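J.: Okay, handing you the structure first.
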Amino acid sequence: MNVATHAVHETAAATGTGTVVNARNLRKAYKNKLALDNTTFDIPAGRIVGLIGPNGAGKTTALKAMLGLIPFEGDLTVLGRDPRTERDELMRDVCFIADVAVLPRWIRVREAIEFVAGVHPRFDRARCERFLANTQLKPQMRVRELSKGMIVQLHLALVMAIDAKLLVLDEPTLGLDILYRKQFYQRLLEDYFDEEKTIVITTHQVEEIEHILTDVMFIRDGKIVLHNDMDTLGDRFTEVLVDNDKADEARALKPLDERSLPFGKTVMLFDGVPSDRLAALGETRTPGLADLFVATMKGTYA
Amino acid sequence: MNVLNSEMAVAPRAQVAAPHATHTFKLLLKREFWEHKGGFFWAPLVAGGIFLLLSLMGIGVGEMAARKVASDAEINIDGGSFKISGLNLGQLTEKMTGEELRQVGSAIDLSLLMSASWPLMVLAFVVFFYCLGSLYDDRKDRSVLFWKSLPLSDSATVLSKVASAAVLAPVLAITAGVLTMFGFLLISSGIVLLHGGNPLTLLWGPASPLKVAGYLIASIPVYALWAMPTIGWLMLCSSWAKSKPFLWAIMIPVFAGIFVTWFDLMQLFNMETVWFWKNIVARGLLSVAPGSWFDVATFAPLQGDGPAAVTSALTLRTMYSVLLTPQLWIGVVAGAAMIAGSIRLRRWRDEG
């Protein structure tokens with residue numbers, strides 16, 4: 001990475017536009033598996049990006065690379081910095097929730113707040129306390145006494161009180177009940193996200209984050225197989241309920257995926273076929289992210 | 001496709017406070033104290049408390065026995081035995097000569113030092129296990145990912161743990177030691193009073209508790225430097241081991257020692273096998289024990305005999321002579337190298 005690109009990225013990050021993450025040909029091999037295989041992607045500022053993939057597809061590895069937690073090959077800049085060599089500076093503007101319940105079990109709520117306030121220049125203590133006021137968390141409670149949902153509430157309050165430019169969430173709601181999950185994403189949208197912030201989320205619960213994402217990236221075997229913004233996703237992909245007598249005609253248009261329904265109908269998923277052509281084949285609708293995911297990842301575990 | 005997007009795009013910029021000053025290292029030390037309050041703070045105090053309790057019980061038993069014997073009780077004080085008729089300590093001091101008083105004073109100083117040593121023995125264990133867990137425990141419960149989500153450099157994190165082991169823990173333990181010492185002196189004063197003696201002339205006059213306290217406090221820098229190879233080694237194991245850091249930390253040096261002994265490898269350097277055990281194995285594992293540096297200290301020729309001879313060896317000059325030995329400084333360099341290794345491992349270890 002040369003100096004000129006650095007400068008470009010830094011101005012981009014400063015104004016809140018441009019790319020926040022710029023990854024080129026990332027490569028990371030574990031003992032017997034490529035976790036990142038020439039992975040290339042850009043994440044623009046002010047977006048909420050869902051990084052979605054089956055188990056072992058390289059999601060967490062990609063996030064760890066972005067956060068400077070692991071060595072890897074390739075070019076990667078996050079907010080204009082190389083996470084491998086400039087991690088300490090980078091972490092002033094980047095924050096992450098790595099997994100559920102990674103807060104140390106011995107820490108008390110007030111100690112956690114005091115600590116983050118003392119080490120993070122952009123932590124707003126009053127904001128954090130305001131978030132916690134609406135919960136059952138008390139300052140003298142220890143993390144080990146809290147339920148999983150309460151730990152995530154605490155972690156989210158700590159993180160949301162930090163004015164970071166990039167927030168990375170790796171399976172943030174794993175193991176939480178639906179009330180906590182809904183609340184988690186609602187807080188994130190209402191009290192945290194704005195046009196100067198970028199959020200990257202990985203999760204398996206595709207349906208739940210589908211409506212909050214602005215962009216989606218599918219990752220499979222260390223490669224980005226789909227990267228699209230949510231607004232044009234509906235224009236690009238169409239699901240058609242095809243009658244059996246038109247099935248062959250439909251198959252000629254090369255559907256991504258098809259599955260049979262009872263009563264002699266087949267659902268086919270098309271990528272980039274004009275909707276007027278598809279309308280002739282049967283009833284059309286916009287596929288959900290989950291359907292798209294299943295179609296794209298077909299055969300992963302085979 | 002989604003409704004919320006349009007709303008989000010125009011979401012107003014939340015009001016945020018300006019970046020404020022940070023006190024990273026102070027908070028890192030505080031964090032270690034919060035997490036290890038039991039070991040750093042309570043354990044030495046409890047050890048001192050137990051010592052005082054045992055002393056009280058011992059004295060109680062002694063008093064009962066003395067009552068039964070009534071007269072002609074014999075009390076042994078470090079080699080010299082005194083026959084005390086009816087346990088009237090008041091008469092005793094009046095009859096003592098200057099040299100005898102000096103011996104009594106030294107004997108009391110030694111017992112004071114012994115009372116202060118209880119919290120210090122605990123310190124050795126606390127620091128040993130603290131170092132072993134320091135860079136392992138948070139990897140095991142994955143909370144390392146929380147610490148790493150904050151703007152903390154790995155060097156600052158590791159160095160704060162070194163400082164906790166080498167300075168914070170000994171300062172607290174020695175404070176507990178000094179408190180225990182004065183507690184012991186108070187209990188002894190009570191006993192002396194009970195037997196009609198004047199604690200000021202019998203205890204506080206001949207003894208020098210402030211000197212003993214000063215000596216203990218002055219030992220902190222020697223402790224910190226001398227403990228470096230053990231702290232470094234244990235932290236290196238702690239940051240490296242995928243599991244069971246305790247076994248690795250013990251097994252590697254001990255098996256190295258057995259290997260060296262078995263093949264008599266030290267002969268290649270014209271040295272005894274003992275040298276390896278003493279300067280590598282023991283130094284790497286046991287240097288967190290306070291006072292383990294006495295072996296390399298230079299002692300002035302002993303003056304007099306009895307307890308006075310022992311206290312005459314316990315001078316600052318003797319203790320600080322350790323600072324002039326290659327054993328100390330080579331250990332510091334080895335410790336620093338292992339700490340640098342721990343920082344590197346902490347930076348790049350993949351937590352899976």
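Labeling convention for the structure tokens: chains A, B, ... as they appear, residues from 1 per chain, ligands from 1 in order of appearance.
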Residues of range 141-264 of chain B in helix (DSSP H, G or I) according to DSSP, as a ChimeraX atom specification?
T.: /B:144-147,154-194,199-204,209-226,228-240,245-263
J.: So that I can see what lies close to Val322 in chain B, please list as a VMD selection string the residues with an atom at most 12 Å from it, counting only C-alpha atoms and leaving out residues fewer than 2 positions away in the same chain.
T.: chain B and resid 219 221 to 223 225 to 226 291 to 299 315 to 320 324 to 329 331
J.: Would you output that residue set with N, CA and C atoms, as a short mmCIF file (atom, residue, chain, number, x, y, z; two decimals), in the first residue's frame?
T.:
data_model
loop_
_atom_site.label_atom_id
_atom_site.label_comp_id
_atom_site.auth_asym_id
_atom_site.auth_seq_id
_atom_site.Cartn_x
_atom_site.Cartn_y
_atom_site.Cartn_z
N SER B 219 13.20 -3.40 50.49
CA SER B 219 13.44 -4.63 49.72
C SER B 219 12.59 -4.67 48.45
N PRO B 221 12.36 -2.75 45.62
CA PRO B 221 13.05 -2.72 44.31
C PRO B 221 13.88 -3.97 44.05
N VAL B 222 14.52 -4.50 45.11
CA VAL B 222 15.32 -5.71 44.93
C VAL B 222 14.40 -6.86 44.53
N TYR B 223 13.25 -6.92 45.21
CA TYR B 223 12.28 -7.98 44.88
C TYR B 223 11.87 -7.88 43.41
N LEU B 225 13.27 -6.53 40.81
CA LEU B 225 14.29 -6.86 39.81
C LEU B 225 14.64 -8.35 39.86
N TRP B 226 14.74 -8.86 41.09
CA TRP B 226 15.15 -10.26 41.24
C TRP B 226 14.08 -11.20 40.68
N GLY B 291 13.20 -12.64 49.32
CA GLY B 291 14.39 -13.07 50.05
C GLY B 291 15.17 -14.16 49.37
N SER B 292 14.68 -14.66 48.22
CA SER B 292 15.41 -15.74 47.56
C SER B 292 16.72 -15.24 46.97
N TRP B 293 16.96 -13.92 47.07
CA TRP B 293 18.21 -13.37 46.57
C TRP B 293 19.35 -13.46 47.58
N PHE B 294 19.04 -13.93 48.81
CA PHE B 294 20.05 -13.86 49.86
C PHE B 294 21.30 -14.66 49.55
N ASP B 295 21.11 -15.66 48.72
CA ASP B 295 22.21 -16.51 48.33
C ASP B 295 23.33 -15.74 47.64
N VAL B 296 22.96 -14.69 46.88
CA VAL B 296 24.00 -13.98 46.13
C VAL B 296 24.46 -12.70 46.84
N ALA B 297 23.83 -12.38 47.98
CA ALA B 297 24.20 -11.16 48.68
C ALA B 297 25.59 -11.29 49.28
N THR B 298 26.28 -10.17 49.43
CA THR B 298 27.58 -10.16 50.06
C THR B 298 27.40 -9.79 51.52
N PHE B 299 27.79 -10.71 52.42
CA PHE B 299 27.61 -10.44 53.84
C PHE B 299 28.90 -9.89 54.42
N THR B 315 21.32 -5.93 56.84
CA THR B 315 21.46 -4.50 56.62
C THR B 315 21.11 -4.16 55.18
N LEU B 316 20.83 -2.90 54.97
CA LEU B 316 20.55 -2.43 53.61
C LEU B 316 21.74 -2.69 52.70
N ARG B 317 22.93 -2.52 53.30
CA ARG B 317 24.16 -2.69 52.54
C ARG B 317 24.22 -4.12 51.99
N THR B 318 23.90 -5.08 52.87
CA THR B 318 23.90 -6.48 52.44
C THR B 318 22.86 -6.71 51.34
N MET B 319 21.65 -6.17 51.58
CA MET B 319 20.58 -6.43 50.61
C MET B 319 20.89 -5.78 49.27
N TYR B 320 21.34 -4.53 49.30
CA TYR B 320 21.60 -3.84 48.04
C TYR B 320 22.86 -4.33 47.34
N LEU B 324 24.46 -5.41 42.73
CA LEU B 324 25.74 -5.33 42.03
C LEU B 324 26.15 -6.68 41.45
N THR B 325 25.25 -7.66 41.55
CA THR B 325 25.64 -8.99 41.08
C THR B 325 25.20 -9.22 39.64
N PRO B 326 26.02 -9.95 38.87
CA PRO B 326 25.58 -10.30 37.51
C PRO B 326 24.33 -11.18 37.53
N GLN B 327 24.18 -12.02 38.57
CA GLN B 327 22.99 -12.89 38.63
C GLN B 327 21.71 -12.09 38.52
N LEU B 328 21.68 -10.93 39.22
CA LEU B 328 20.46 -10.12 39.20
C LEU B 328 20.24 -9.55 37.80
N TRP B 329 21.27 -8.96 37.23
CA TRP B 329 21.06 -8.22 35.98
C TRP B 329 20.89 -9.14 34.79
N GLY B 331 19.43 -11.93 35.01
CA GLY B 331 18.04 -12.32 35.21
C GLY B 331 17.08 -11.27 34.69
#
J.: Excluding Asp350 in chain B and residues on its chain fewer than 4 positions from it, collect all residues at most 10 Å away from it, counting only C-alpha atoms, and give them as a PyMOL selection string.
T.: (chain A and resi 61+64+69-71) or (chain B and resi 139+345-346)
J.: Keeping only C-alpha atoms, write the selected residues as an mmCIF file, in the first residue's frame.
T.:
data_model
loop_
_atom_site.group_PDB
_atom_site.id
_atom_site.type_symbol
_atom_site.label_atom_id
_atom_site.label_comp_id
_atom_site.auth_asym_id
_atom_site.auth_seq_id
_atom_site.Cartn_x
_atom_site.Cartn_y
_atom_site.Cartn_z
ATOM 1 C CA THR A 61 -11.649 -14.665 9.819
ATOM 2 C CA LYS A 64 -10.535 -10.664 12.598
ATOM 3 C CA LEU A 69 -6.333 -9.768 15.418
ATOM 4 C CA ILE A 70 -4.643 -12.223 13.083
ATOM 5 C CA PRO A 71 -1.845 -12.174 10.516
ATOM 6 C CA ARG B 139 -7.874 -16.058 26.497
ATOM 7 C CA LEU B 345 2.459 -13.617 21.434
ATOM 8 C CA ARG B 346 -0.324 -11.533 22.937
#
J.: Please determine the contact residues of chain A with respect to chain B at a cut-off of 6 Å, counting only C-alpha atoms, and supply them as a list in words.
T.: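 Every residue meeting the condition is included here: Ile70, Asp88, Met91, Arg92, Cys95, Phe96, Val102, Leu103, Pro104, Gly118, Val119, Pro121, Arg122, Asp194, His211 and Asp231 of chain A.
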J.: Could you turn the residues from that selection into a file that holds C-alpha atoms, as a compact mmCIF listing (two decimals), in the first residue's frame?
T.:
# COMPACT_ATOMS: atom_id res chain seq x y z
CA ILE A 70 -4.64 -12.22 13.08
CA ASP A 88 -3.31 0.65 18.29
CA MET A 91 -8.83 0.91 17.66
CA ARG A 92 -9.64 4.51 18.60
CA CYS A 95 -15.09 -0.97 18.04
CA PHE A 96 -16.35 -4.53 18.06
CA VAL A 102 -17.03 -12.00 26.23
CA LEU A 103 -17.11 -9.48 29.03
CA PRO A 104 -14.83 -10.70 31.85
CA GLY A 118 -10.54 5.86 31.40
CA VAL A 119 -8.99 4.25 28.35
CA PRO A 121 -11.05 9.02 24.48
CA ARG A 122 -14.37 8.86 22.67
CA ASP A 194 -26.01 7.67 11.66
CA HIS A 211 -34.67 -5.17 7.24
CA ASP A 231 -32.38 -1.53 -2.54
J.: Compare B:Ile258, B:Leu314, B:Val104, B:Val158 by their minimum atom-to-atom distance to Leu135 in chain B, counting only C-alpha atoms, and give me the closest one.
T.: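 For Leu135 in chain B, the nearest of the given residues is B:Val158.
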J.: Could you write out, as a list of chain:residue names, all the residues of range 50-253 of chain B that DSSP marks as strand (DSSP E or B)?
T.: B:Ala73, B:Glu74, B:Ile75, B:Asn76, B:Ile77, B:Gly80, B:Ser81, B:Phe82, B:Lys83, B:Ile84
J.: As an exercise, work out the distance from CA of Phe269 in chain B to CA of Ala336 in chain B in Å and give it to one decimal place.
T.: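 The value is 25.3 Å.
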J.: Please list as a list in words every residue within 10 Å of Val206 in chain A, counting only C-alpha atoms and excluding residues in the same chain fewer than 2 positions away.
T.: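 Final neighbour list, sorted by chain and number: Gly50, Leu51, Ile52, Gly53, Thr202, Thr203, His204, Glu208, Ile209, Glu210, His211, Gly288, Leu289, Ala290, Asp291 and Phe293 of chain A.
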J.: Take the residues from that selection and write them out as a PDB file, in the first residue's frame, keeping N, CA and C atoms.
T.:
ATOM      1  N   GLY A  50     -24.319  -6.580   6.068  1.00  0.00           N
ATOM      2  CA  GLY A  50     -24.431  -7.913   6.631  1.00  0.00           C
ATOM      3  C   GLY A  50     -23.447  -8.833   5.929  1.00  0.00           C
ATOM      4  N   LEU A  51     -22.566  -9.454   6.696  1.00  0.00           N
ATOM      5  CA  LEU A  51     -21.629 -10.421   6.122  1.00  0.00           C
ATOM      6  C   LEU A  51     -22.181 -11.789   6.487  1.00  0.00           C
ATOM      7  N   ILE A  52     -22.692 -12.474   5.471  1.00  0.00           N
ATOM      8  CA  ILE A  52     -23.462 -13.678   5.749  1.00  0.00           C
ATOM      9  C   ILE A  52     -22.854 -14.872   5.032  1.00  0.00           C
ATOM     10  N   GLY A  53     -22.723 -15.952   5.772  1.00  0.00           N
ATOM     11  CA  GLY A  53     -22.164 -17.148   5.157  1.00  0.00           C
ATOM     12  C   GLY A  53     -22.376 -18.332   6.065  1.00  0.00           C
ATOM     13  N   THR A 202     -22.184  -9.925  11.298  1.00  0.00           N
ATOM     14  CA  THR A 202     -22.350 -11.292  10.809  1.00  0.00           C
ATOM     15  C   THR A 202     -23.390 -11.958  11.694  1.00  0.00           C
ATOM     16  N   THR A 203     -24.192 -12.773  11.100  1.00  0.00           N
ATOM     17  CA  THR A 203     -25.160 -13.533  11.898  1.00  0.00           C
ATOM     18  C   THR A 203     -25.725 -14.664  11.057  1.00  0.00           C
ATOM     19  N   HIS A 204     -26.319 -15.625  11.768  1.00  0.00           N
ATOM     20  CA  HIS A 204     -27.034 -16.678  11.062  1.00  0.00           C
ATOM     21  C   HIS A 204     -28.512 -16.361  10.966  1.00  0.00           C
ATOM     22  N   GLU A 208     -33.808 -11.757  10.723  1.00  0.00           N
ATOM     23  CA  GLU A 208     -33.931 -10.693  11.701  1.00  0.00           C
ATOM     24  C   GLU A 208     -33.173  -9.436  11.341  1.00  0.00           C
ATOM     25  N   ILE A 209     -32.093  -9.583  10.579  1.00  0.00           N
ATOM     26  CA  ILE A 209     -31.336  -8.375  10.274  1.00  0.00           C
ATOM     27  C   ILE A 209     -31.619  -7.864   8.870  1.00  0.00           C
ATOM     28  N   GLU A 210     -32.331  -8.663   8.114  1.00  0.00           N
ATOM     29  CA  GLU A 210     -32.604  -8.331   6.718  1.00  0.00           C
ATOM     30  C   GLU A 210     -33.117  -6.897   6.547  1.00  0.00           C
ATOM     31  N   HIS A 211     -34.053  -6.486   7.424  1.00  0.00           N
ATOM     32  CA  HIS A 211     -34.670  -5.174   7.236  1.00  0.00           C
ATOM     33  C   HIS A 211     -33.822  -4.020   7.751  1.00  0.00           C
ATOM     34  N   GLY A 288     -36.890 -13.409  -0.234  1.00  0.00           N
ATOM     35  CA  GLY A 288     -36.296 -12.976   1.024  1.00  0.00           C
ATOM     36  C   GLY A 288     -34.807 -13.270   1.007  1.00  0.00           C
ATOM     37  N   LEU A 289     -34.101 -12.616   1.917  1.00  0.00           N
ATOM     38  CA  LEU A 289     -32.660 -12.811   1.983  1.00  0.00           C
ATOM     39  C   LEU A 289     -32.328 -14.269   2.295  1.00  0.00           C
ATOM     40  N   ALA A 290     -33.167 -14.871   3.122  1.00  0.00           N
ATOM     41  CA  ALA A 290     -32.912 -16.255   3.517  1.00  0.00           C
ATOM     42  C   ALA A 290     -33.001 -17.189   2.309  1.00  0.00           C
ATOM     43  N   ASP A 291     -34.019 -16.951   1.432  1.00  0.00           N
ATOM     44  CA  ASP A 291     -34.150 -17.786   0.234  1.00  0.00           C
ATOM     45  C   ASP A 291     -32.936 -17.626  -0.662  1.00  0.00           C
ATOM     46  N   PHE A 293     -30.005 -16.719   0.258  1.00  0.00           N
ATOM     47  CA  PHE A 293     -28.863 -17.324   0.931  1.00  0.00           C
ATOM     48  C   PHE A 293     -28.827 -18.828   0.669  1.00  0.00           C
TER      49      PHE A 293
END
J.: For CA of Val178 in chain B and CA of Ala313 in chain B, quote the distance in Å rounded to one decimal.
T.: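 Taking CA of Val178 in chain B and CA of Ala313 in chain B, their separation equals 20.0 Å.
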J.: Find the residues around range 182-190 of chain B up to 12 Å (only C-alpha atoms counted), leave out those fewer than 5 positions away in its own chain, and share them as number ranges by chain.
T.: B: 45, 48-60, 89, 108-116, 118, 175-177, 195-205, 207-210, 212-213
J.: In Å, how far is it from CA of Thr284 in chain A to CA of Val49 in chain A?
T.: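 If I compute the distance from CA of Thr284 in chain A to CA of Val49 in chain A, I get 26.8 Å.
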J.: Identify which of the residues A:Asp93, A:Asp37, A:Asp82, A:Asp99 lies closest to Thr173 in chain A, counting only C-alpha atoms when measuring atom-to-atom distances.
T.: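 Once distances to Thr173 in chain A are computed over only C-alpha atoms, the minimum belongs to A:Asp99.
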